[in-house]
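Undergrad: One file is attached below, final.txt, containing compact mmCIF, C-alpha atoms.
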```txt
# COMPACT_ATOMS: atom_id res chain seq x y z
CA MET A 1 7.98 33.00 -19.60
CA ASP A 2 9.51 35.93 -21.51
CA ALA A 3 8.94 38.32 -18.62
CA ALA A 4 10.90 36.19 -16.15
CA PRO A 5 14.44 36.97 -15.03
CA ALA A 6 17.40 34.76 -15.89
CA THR A 7 16.90 31.70 -13.71
CA ALA A 8 17.53 27.98 -13.69
CA THR A 9 14.48 27.61 -15.94
CA ASN A 10 15.65 30.56 -18.06
CA LEU A 11 19.05 29.60 -19.44
CA TYR A 12 18.91 32.99 -21.10
CA GLU A 13 16.79 35.94 -20.17
CA SER A 14 14.12 37.89 -21.97
CA ASP A 15 14.63 41.16 -23.79
CA ASP A 16 10.92 42.01 -23.74
CA GLU A 17 11.61 44.96 -21.44
CA ASP A 18 12.85 46.75 -24.53
CA GLU A 19 9.62 46.35 -26.50
CA GLN A 20 9.11 50.12 -26.42
CA GLY A 21 12.42 50.65 -28.18
CA SER A 22 14.15 52.47 -25.33
CA SER A 23 17.88 52.91 -25.75
CA PRO A 24 20.35 51.52 -23.22
CA PRO A 25 21.75 54.19 -20.86
CA PRO A 26 25.19 55.71 -21.46
CA SER A 27 28.28 53.99 -20.08
CA PHE A 28 29.56 54.54 -16.53
CA PHE A 29 32.87 55.42 -18.12
CA SER A 30 33.46 58.77 -19.82
CA SER A 31 35.40 56.67 -22.30
CA PRO A 32 35.20 52.86 -22.38
CA PRO A 33 38.21 50.98 -20.95
CA SER A 34 40.56 49.63 -23.56
CA SER A 35 41.42 46.37 -21.82
CA PHE A 36 39.80 43.38 -20.19
CA GLU A 37 40.26 43.88 -16.44
CA ARG A 38 40.88 40.26 -15.41
CA ASP A 39 41.98 40.94 -11.82
CA ARG A 40 38.88 43.02 -11.14
CA HIS A 41 36.67 40.27 -12.54
CA VAL A 42 38.38 37.72 -10.30
CA ALA A 43 37.74 40.00 -7.32
CA TYR A 44 34.08 40.37 -8.35
CA LEU A 45 33.54 36.61 -8.56
CA ASP A 46 35.53 35.98 -5.40
CA MET A 47 33.10 38.28 -3.59
CA MET A 48 30.14 36.41 -5.07
CA TYR A 49 31.69 33.09 -4.05
CA ASN A 50 31.96 34.15 -0.42
CA VAL A 51 28.90 36.37 0.12
CA LEU A 52 26.06 36.94 -2.34
CA PRO A 53 24.70 40.50 -2.14
CA HIS A 54 21.16 40.87 -0.79
CA HIS A 55 19.87 41.73 -4.27
CA TYR A 56 20.06 38.02 -5.10
CA GLN A 57 17.55 37.04 -2.39
CA THR A 58 14.81 36.75 -5.01
CA GLN A 59 17.01 34.23 -6.86
CA GLU A 60 17.47 31.94 -3.86
CA ILE A 61 15.50 29.19 -5.61
CA ASN A 62 18.29 29.17 -8.22
CA ARG A 63 21.27 29.05 -5.90
CA LEU A 64 22.93 26.21 -7.85
CA THR A 65 22.68 28.26 -11.04
CA LEU A 66 24.33 31.25 -9.35
CA ALA A 67 27.04 28.95 -8.02
CA TYR A 68 27.60 27.59 -11.54
CA PHE A 69 28.15 31.10 -12.91
CA THR A 70 30.54 31.92 -10.07
CA ILE A 71 32.63 28.74 -9.95
CA SER A 72 32.82 28.16 -13.68
CA GLY A 73 33.57 31.86 -14.11
CA LEU A 74 36.54 31.64 -11.74
CA HIS A 75 37.79 28.65 -13.70
CA LEU A 76 37.48 30.58 -16.96
CA LEU A 77 39.53 33.38 -15.39
CA GLN A 78 42.22 30.87 -14.32
CA ALA A 79 41.41 31.55 -10.68
CA SER A 80 40.10 28.16 -9.57
CA ASP A 81 42.49 28.32 -6.61
CA ARG A 82 39.87 30.58 -4.99
CA VAL A 83 37.47 27.60 -4.82
CA ASP A 84 37.49 24.87 -2.16
CA SER A 85 36.76 22.00 -4.55
CA ASP A 86 35.99 19.35 -1.93
CA LYS A 87 33.69 21.63 0.01
CA VAL A 88 31.87 22.73 -3.13
CA ALA A 89 31.44 19.14 -4.32
CA GLY A 90 29.99 18.08 -0.99
CA TRP A 91 27.62 21.04 -0.98
CA VAL A 92 26.40 20.34 -4.53
CA LEU A 93 25.88 16.62 -3.83
CA SER A 94 23.67 17.50 -0.87
CA PHE A 95 21.03 18.75 -3.33
CA LEU A 96 20.61 15.37 -5.06
CA ALA A 97 17.12 13.89 -4.71
CA ARG A 98 17.03 10.20 -3.90
CA PRO A 99 14.12 7.77 -4.09
CA GLY A 100 13.34 5.51 -1.16
CA SER A 101 13.90 2.47 -3.40
CA LYS A 102 14.73 1.57 -7.00
CA ALA A 103 11.07 0.75 -7.56
CA GLU A 104 10.26 4.44 -7.18
CA LEU A 105 12.17 5.18 -10.38
CA LYS A 106 9.03 4.06 -12.20
CA ASN A 107 6.73 6.50 -10.40
CA GLY A 108 7.10 9.17 -13.11
CA GLN A 109 9.22 11.53 -11.02
CA PHE A 110 12.67 12.94 -11.78
CA TYR A 111 15.49 12.30 -9.31
CA GLY A 112 18.03 14.97 -10.15
CA PHE A 113 19.27 17.99 -8.21
CA HIS A 114 17.22 20.58 -6.37
CA GLY A 115 18.05 24.20 -7.14
CA SER A 116 18.31 25.29 -3.50
CA ARG A 117 17.38 24.39 0.06
CA THR A 118 14.03 26.14 -0.33
CA SER A 119 12.96 23.59 -2.95
CA GLN A 120 14.38 20.63 -1.05
CA PHE A 121 11.87 18.99 1.27
CA PRO A 122 12.96 16.15 3.56
CA PRO A 123 11.53 12.65 2.94
CA ASP A 124 8.71 11.42 5.13
CA GLU A 125 9.08 8.86 7.92
CA ASN A 126 9.12 6.06 5.31
CA GLY A 127 11.95 7.67 3.33
CA VAL A 128 9.62 8.73 0.50
CA LEU A 129 10.00 12.13 -1.18
CA SER A 130 6.41 13.37 -1.12
CA HIS A 131 7.54 16.76 -2.50
CA ASN A 132 10.26 16.19 -5.08
CA GLY A 133 11.33 19.53 -6.57
CA SER A 134 14.42 18.41 -8.44
CA HIS A 135 14.84 20.27 -11.71
CA LEU A 136 16.47 19.49 -15.04
CA ALA A 137 18.27 22.85 -15.34
CA SER A 138 19.50 22.64 -11.73
CA THR A 139 20.80 19.16 -12.50
CA TYR A 140 22.69 20.49 -15.52
CA CYS A 141 24.25 23.22 -13.34
CA ALA A 142 25.10 20.75 -10.57
CA ILE A 143 26.86 18.35 -12.91
CA ALA A 144 28.69 21.24 -14.60
CA ILE A 145 29.96 22.46 -11.21
CA LEU A 146 31.08 18.96 -10.22
CA LYS A 147 32.87 18.60 -13.54
CA THR A 148 34.55 21.99 -13.09
CA VAL A 149 35.89 21.25 -9.60
CA GLY A 150 37.30 17.91 -10.75
CA PHE A 151 34.84 15.60 -8.99
CA ASN A 152 34.82 12.04 -10.33
CA LEU A 153 31.31 11.72 -11.78
CA SER A 154 31.49 7.93 -11.60
CA ASN A 155 30.89 8.43 -7.87
CA ILE A 156 27.34 9.65 -8.37
CA ASP A 157 24.41 7.40 -9.21
CA SER A 158 24.06 8.35 -12.87
CA GLU A 159 21.59 5.50 -13.44
CA LEU A 160 19.28 7.15 -10.93
CA ILE A 161 19.43 10.49 -12.77
CA LEU A 162 19.23 9.13 -16.30
CA THR A 163 16.53 6.51 -15.76
CA SER A 164 14.25 9.03 -14.09
CA MET A 165 15.12 11.71 -16.66
CA ARG A 166 13.33 9.69 -19.31
CA ASN A 167 10.14 10.46 -17.40
CA LEU A 168 10.53 14.09 -18.46
CA GLN A 169 10.72 13.47 -22.22
CA GLN A 170 7.40 14.01 -23.97
CA PRO A 171 5.98 12.07 -26.95
CA ASP A 172 7.05 14.88 -29.32
CA GLY A 173 10.67 14.62 -28.12
CA SER A 174 10.68 17.77 -25.95
CA PHE A 175 11.45 17.81 -22.22
CA MET A 176 9.76 19.20 -19.14
CA PRO A 177 12.11 20.49 -16.42
CA ILE A 178 10.16 18.86 -13.56
CA HIS A 179 7.90 15.86 -13.46
CA VAL A 180 4.58 17.70 -13.42
CA GLY A 181 3.01 20.99 -14.45
CA ALA A 182 5.76 22.64 -16.48
CA GLU A 183 6.41 24.03 -19.94
CA THR A 184 8.37 22.17 -22.59
CA ASP A 185 10.87 23.75 -24.95
CA LEU A 186 14.41 23.66 -26.34
CA ARG A 187 16.07 24.82 -23.11
CA PHE A 188 15.31 21.53 -21.44
CA VAL A 189 16.21 19.44 -24.50
CA TYR A 190 19.63 21.08 -24.23
CA CYS A 191 19.86 20.39 -20.49
CA ALA A 192 19.05 16.72 -21.09
CA ALA A 193 21.57 16.43 -23.94
CA ALA A 194 24.31 18.12 -21.90
CA ILE A 195 23.65 15.86 -18.89
CA CYS A 196 23.82 12.72 -21.03
CA PHE A 197 26.96 13.93 -22.80
CA VAL A 198 28.83 14.80 -19.62
CA LEU A 199 27.82 11.55 -17.93
CA GLY A 200 28.78 9.60 -21.08
CA ASP A 201 25.46 7.74 -21.18
CA TRP A 202 22.59 8.44 -23.59
CA SER A 203 20.10 6.13 -21.90
CA GLY A 204 18.41 9.19 -20.38
CA MET A 205 16.77 10.33 -23.60
CA ASP A 206 15.55 9.27 -27.02
CA ARG A 207 17.92 11.20 -29.27
CA GLU A 208 15.95 10.65 -32.47
CA LYS A 209 12.78 12.06 -30.93
CA ALA A 210 14.72 14.99 -29.51
CA LYS A 211 16.28 15.66 -32.92
CA ASP A 212 12.86 15.65 -34.61
CA TYR A 213 11.56 18.17 -32.06
CA ILE A 214 14.57 20.44 -32.61
CA LEU A 215 14.13 20.39 -36.39
CA GLN A 216 10.51 21.48 -35.99
CA CYS A 217 11.76 24.59 -34.14
CA GLN A 218 13.80 26.00 -37.04
CA SER A 219 11.99 29.03 -38.37
CA TYR A 220 11.58 30.28 -41.93
CA ASP A 221 14.44 32.78 -41.37
CA GLY A 222 16.96 30.12 -40.30
CA GLY A 223 17.03 30.70 -36.54
CA PHE A 224 15.35 28.55 -33.93
CA GLY A 225 12.46 29.43 -31.65
CA LEU A 226 11.94 27.86 -28.24
CA THR A 227 9.00 25.85 -29.56
CA PRO A 228 7.78 24.94 -33.05
CA GLY A 229 6.35 28.01 -34.78
CA SER A 230 7.80 30.57 -32.34
CA GLU A 231 10.07 33.50 -33.21
CA SER A 232 13.74 32.83 -33.78
CA HIS A 233 15.82 33.66 -30.71
CA GLY A 234 19.52 33.63 -29.91
CA GLY A 235 19.14 31.43 -26.84
CA GLY A 236 16.80 28.98 -28.55
CA THR A 237 19.18 28.78 -31.50
CA TYR A 238 22.08 27.96 -29.19
CA CYS A 239 20.09 25.25 -27.43
CA ALA A 240 19.14 23.71 -30.77
CA VAL A 241 22.60 23.73 -32.38
CA ALA A 242 24.53 22.77 -29.23
CA SER A 243 22.11 19.88 -28.60
CA LEU A 244 22.46 18.58 -32.15
CA ARG A 245 26.24 18.79 -31.85
CA LEU A 246 26.31 17.01 -28.47
CA MET A 247 23.99 14.29 -29.79
CA GLY A 248 26.22 13.77 -32.83
CA PHE A 249 23.81 14.97 -35.52
CA ILE A 250 26.06 17.76 -36.81
CA GLU A 251 29.85 17.86 -37.04
CA ASP A 252 32.18 20.29 -35.34
CA GLU A 253 33.24 23.10 -37.71
CA HIS A 254 30.46 21.91 -40.03
CA LEU A 255 30.96 24.73 -42.54
CA SER A 256 34.51 23.57 -43.29
CA LYS A 257 33.41 20.02 -44.14
CA SER A 258 32.80 18.92 -47.71
CA ALA A 259 29.47 17.27 -46.94
CA SER A 260 26.68 19.06 -48.80
CA SER A 261 23.81 17.76 -46.67
CA SER A 262 22.76 18.67 -43.14
CA VAL A 263 19.82 17.90 -40.89
CA ILE A 264 19.18 21.67 -40.64
CA ASN A 265 19.09 24.51 -43.16
CA MET A 266 22.67 25.62 -42.64
CA PRO A 267 22.88 28.59 -45.08
CA LEU A 268 19.78 30.21 -43.58
CA LEU A 269 21.02 29.56 -40.04
CA LEU A 270 24.42 31.12 -40.79
CA SER A 271 22.76 34.15 -42.38
CA TRP A 272 20.43 34.63 -39.39
CA CYS A 273 23.29 34.40 -36.89
CA LEU A 274 25.51 36.86 -38.75
CA GLN A 275 22.65 39.35 -39.01
CA ARG A 276 22.43 39.42 -35.21
CA GLN A 277 25.66 41.43 -34.95
CA ALA A 278 24.48 45.02 -34.72
CA ALA A 279 26.07 48.28 -35.84
CA ASP A 280 27.52 48.84 -32.34
CA GLY A 281 29.41 45.53 -32.58
CA GLY A 282 27.30 43.65 -30.03
CA PHE A 283 24.84 40.85 -30.65
CA GLN A 284 21.08 41.00 -30.33
CA GLY A 285 18.90 38.05 -29.36
CA ARG A 286 16.19 38.78 -31.87
CA ALA A 287 15.68 41.11 -34.83
CA ASN A 288 15.15 44.79 -33.97
CA LYS A 289 16.46 44.48 -30.41
CA PRO A 290 19.38 46.29 -28.78
CA SER A 291 22.69 44.53 -28.31
CA ASP A 292 23.01 42.61 -25.04
CA THR A 293 26.13 41.09 -23.49
CA CYS A 294 24.77 37.56 -23.13
CA TYR A 295 23.90 37.14 -26.81
CA ALA A 296 27.52 37.60 -27.71
CA PHE A 297 27.83 34.11 -26.26
CA TRP A 298 24.50 32.55 -27.26
CA VAL A 299 24.87 33.53 -30.92
CA GLY A 300 28.66 33.62 -30.99
CA ALA A 301 28.92 30.08 -29.65
CA VAL A 302 26.61 28.84 -32.41
CA LEU A 303 28.94 30.39 -34.97
CA ARG A 304 31.96 28.86 -33.24
CA ILE A 305 30.36 25.39 -33.25
CA LEU A 306 29.50 25.69 -36.95
CA GLY A 307 32.86 27.15 -37.96
CA GLY A 308 31.49 30.59 -38.82
CA TYR A 309 33.03 32.64 -36.01
CA LYS A 310 35.66 33.96 -38.44
CA PHE A 311 32.94 35.94 -40.22
CA ILE A 312 32.08 38.25 -37.32
CA ASP A 313 33.69 41.61 -36.55
CA LYS A 314 35.68 40.63 -33.46
CA ILE A 315 37.19 44.06 -32.93
CA ALA A 316 33.74 45.71 -32.87
CA LEU A 317 32.38 43.00 -30.56
CA ARG A 318 35.25 43.46 -28.14
CA ARG A 319 34.72 47.22 -28.16
CA PHE A 320 31.01 46.79 -27.35
CA LEU A 321 31.71 44.35 -24.50
CA LEU A 322 34.21 46.72 -22.93
CA THR A 323 31.46 49.36 -22.70
CA CYS A 324 29.52 46.84 -20.54
CA GLN A 325 32.50 46.09 -18.29
CA TYR A 326 31.99 47.57 -14.83
CA GLU A 327 34.86 49.44 -13.24
CA PHE A 328 34.90 47.13 -10.18
CA GLY A 329 34.49 43.89 -12.15
CA GLY A 330 31.64 42.08 -13.83
CA PHE A 331 29.58 42.82 -16.92
CA SER A 332 26.17 44.39 -17.32
CA LYS A 333 23.41 43.63 -19.80
CA TYR A 334 23.80 47.03 -21.48
CA PRO A 335 26.41 49.80 -21.26
CA GLY A 336 25.92 51.92 -18.15
CA GLU A 337 24.08 49.38 -15.99
CA LEU A 338 25.24 47.55 -12.90
CA PRO A 339 26.78 44.10 -13.40
CA ASP A 340 25.10 40.82 -12.52
CA LEU A 341 26.35 37.24 -12.35
CA TYR A 342 24.45 36.08 -15.42
CA HIS A 343 25.77 38.71 -17.82
CA SER A 344 29.19 38.65 -16.21
CA TYR A 345 29.54 34.93 -16.85
CA TYR A 346 28.53 35.21 -20.48
CA GLY A 347 30.83 38.19 -20.88
CA TYR A 348 33.70 35.99 -19.69
CA THR A 349 32.71 33.14 -22.01
CA THR A 350 32.65 35.53 -24.94
CA PHE A 351 36.10 36.90 -24.14
CA SER A 352 37.27 33.30 -24.01
CA LEU A 353 35.82 32.75 -27.49
CA LEU A 354 37.71 35.89 -28.53
CA GLU A 355 40.90 34.23 -27.16
CA GLU A 356 41.59 36.90 -24.55
CA PRO A 357 44.97 36.29 -22.84
CA GLY A 358 44.64 35.06 -19.26
CA LEU A 359 41.43 33.10 -19.85
CA ASN A 360 41.03 29.36 -20.26
CA PRO A 361 39.67 28.20 -23.65
CA LEU A 362 35.95 27.43 -23.81
CA CYS A 363 34.01 24.36 -24.89
CA PRO A 364 31.15 26.20 -26.66
CA GLU A 365 28.75 23.25 -26.68
CA LEU A 366 28.82 22.95 -22.88
CA GLY A 367 29.52 26.56 -21.92
CA MET A 368 32.40 25.53 -19.64
CA THR A 369 36.15 25.45 -20.08
CA ASP A 370 37.79 22.90 -22.35
CA LEU A 371 39.84 21.84 -19.33
CA ALA A 372 36.71 20.94 -17.35
CA ALA A 373 35.06 19.27 -20.33
CA LEU A 374 38.12 17.11 -20.95
CA GLU A 375 38.75 16.46 -17.23
CA ILE A 376 42.24 18.02 -17.42
CA ILE A 377 42.11 20.08 -14.24
```
The structure in this file should be written as structure tokens.
TA:
Amino acid sequence: MDAAPATATNLYESDDEDEQGSSPPPSFFSSPPSSFERDRHVAYLDMMYNVLPHHYQTQEINRLTLAYFTISGLHLLQASDRVDSDKVAGWVLSFLARPGSKAELKNGQFYGFHGSRTSQFPPDENGVLSHNGSHLASTYCAIAILKTVGFNLSNIDSELILTSMRNLQQPDGSFMPIHVGAETDLRFVYCAAAICFVLGDWSGMDREKAKDYILQCQSYDGGFGLTPGSESHGGGTYCAVASLRLMGFIEDEHLSKSASSSVINMPLLLSWCLQRQAADGGFQGRANKPSDTCYAFWVGAVLRILGGYKFIDKIALRRFLLTCQYEFGGFSKYPGELPDLYHSYYGYTTFSLLEEPGLNPLCPELGMTDLAALEII
């Protein structure tokens, strides 16, 4: 899993390529830009919205995920006028898997959204999906896109999605992303929690079981691994904390509350998160790793949810991010590399957390704008 690129099944990507300790290359700029180039970022995403470069051919299976980064990114940049909302909604809805009858909801399969046309097989002559490739992460992205473009979610069959989603929850509380032959970890617990939260219906999961699984993933150092006993990781920690917040097990701005008890070890978690800000101002996903644009969101959002964002060095973080800003728009993983949609999106979300002028405010638990989360579009 750790060697895979950022995909629908990888809500964050691996940093294993840096195991040898190689340093990121120098910046494209002789001196880093001093400002966030909003107009260039809008132009970058507008290009991605209209024509994806050929380099993304290997990510075709995750087309909905790429669309989520693009459309939600434009909304963050206050450029949603570039998006044809009705056309996008119709396109996203075309990926929804449907059973031939309600009775099929008990066949153990998941009827959510496919990630792309290549994973979407037509039903047989009897209307039965013999090859159902709908995916939990693709479903999360689909619902997030629909929410962002202002689609009325009461118009989709949420009972279909949620009833079949229970088939993916395992006895230990974790989730598989598809109905057979897949790994289970915190990424998919988060996807399930986000889907239930956005749809306003928790019948799709057993929250108590999910909570117990999450608590087993907190490591001795305070962070969370993807699975019980695994190394603490920025993305796993985000999935754990955001899920607990969405499910109602921890309060917003928890650190400012007078309550002395918590379902998780809060002091250790806070310490682990704050230690992830490196000397260059950026955030690392794990101990002894170089700073990476995306972890400024994954770890930063955890601190924002808990009420600890005030403890980071925002000036240093902003300075690091600007070294990853490409001159024609977008953000790269490290300074000096070419931009990609994944790191660009999480660069934008981080600048929103930093309250950059010209960006919409962010709902950190859902990774989308407050406006989309609150349906004020």
Undergrad: Let me make sure I understand: among A:Phe328, A:Tyr346, A:Phe249, A:Trp272, which one has the smallest atom-to-atom distance to Thr293 in chain A if we use all atoms listed in the file?
TA: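 Using all atoms listed in the file, the shortest distance to Thr293 in chain A belongs to A:Tyr346.
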Undergrad: With distances taken over all atoms listed in the file, which of A:Ser34, A:Leu374, A:Trp91, A:Gly285 is nearest to Leu321 in chain A?
TA: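 Using all atoms listed in the file, the shortest distance to Leu321 in chain A belongs to A:Ser34.
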Undergrad: Excluding Leu268 in chain A and any residue of its chain fewer than 4 positions from it, enumerate the residues within 12 Å of it, using only C-alpha atoms, and give them as a PyMOL selection string.
TA: chain A and resi 218-224+232+262+264+272-275
Undergrad: Report as a ChimeraX atom specification all protein, DNA and RNA residues lying within 7 Å of Phe320 in chain A, evaluated on all atoms listed in the file, omitting residues in the same chain fewer than 3 positions from it.
TA: /A:280-282,316-317,323-324
Undergrad: Mind dumping a table of every range 268-315 of chain A residue within 12 Å of range 349-373 of chain A, with the nearest atom pair and its distance in Å to one decimal, using all atoms listed in the file, sorted by chain and rising number, as a Markdown table?
TA:
```
| residue | atom | partner | partner_atom | distance |
| --- | --- | --- | --- | --- |
| A:Gly282 | CA | A:Thr350 | CA | 11.0 |
| A:Phe283 | CA | A:Thr350 | CA | 11.0 |
| A:Asp292 | CA | A:Thr350 | CA | 12.0 |
| A:Thr293 | CA | A:Thr350 | CA | 8.7 |
| A:Cys294 | CA | A:Thr350 | CA | 8.3 |
| A:Tyr295 | CA | A:Thr350 | CA | 9.1 |
| A:Ala296 | CA | A:Thr350 | CA | 6.2 |
| A:Phe297 | CA | A:Thr350 | CA | 5.2 |
| A:Trp298 | CA | A:Thr350 | CA | 9.0 |
| A:Val299 | CA | A:Thr350 | CA | 10.0 |
| A:Gly300 | CA | A:Thr350 | CA | 7.5 |
| A:Ala301 | CA | A:Pro364 | CA | 5.4 |
| A:Val302 | CA | A:Pro364 | CA | 7.8 |
| A:Leu303 | CA | A:Pro364 | CA | 9.6 |
| A:Arg304 | CA | A:Pro364 | CA | 7.1 |
| A:Ile305 | CA | A:Pro364 | CA | 6.7 |
| A:Leu306 | CA | A:Pro364 | CA | 10.4 |
| A:Gly307 | CA | A:Pro364 | CA | 11.5 |
| A:Tyr309 | CA | A:Leu353 | CA | 9.0 |
| A:Lys310 | CA | A:Leu354 | CA | 10.3 |
| A:Ile312 | CA | A:Leu354 | CA | 10.7 |
| A:Asp313 | CA | A:Leu354 | CA | 10.6 |
| A:Lys314 | CA | A:Leu354 | CA | 7.1 |
| A:Ile315 | CA | A:Leu354 | CA | 9.3 |
```
Undergrad: One decimal, in Å: what's the spacing between CA of Lys333 in chain A and CA of His41 in chain A?
TA: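 A separation of 15.5 Å between them.
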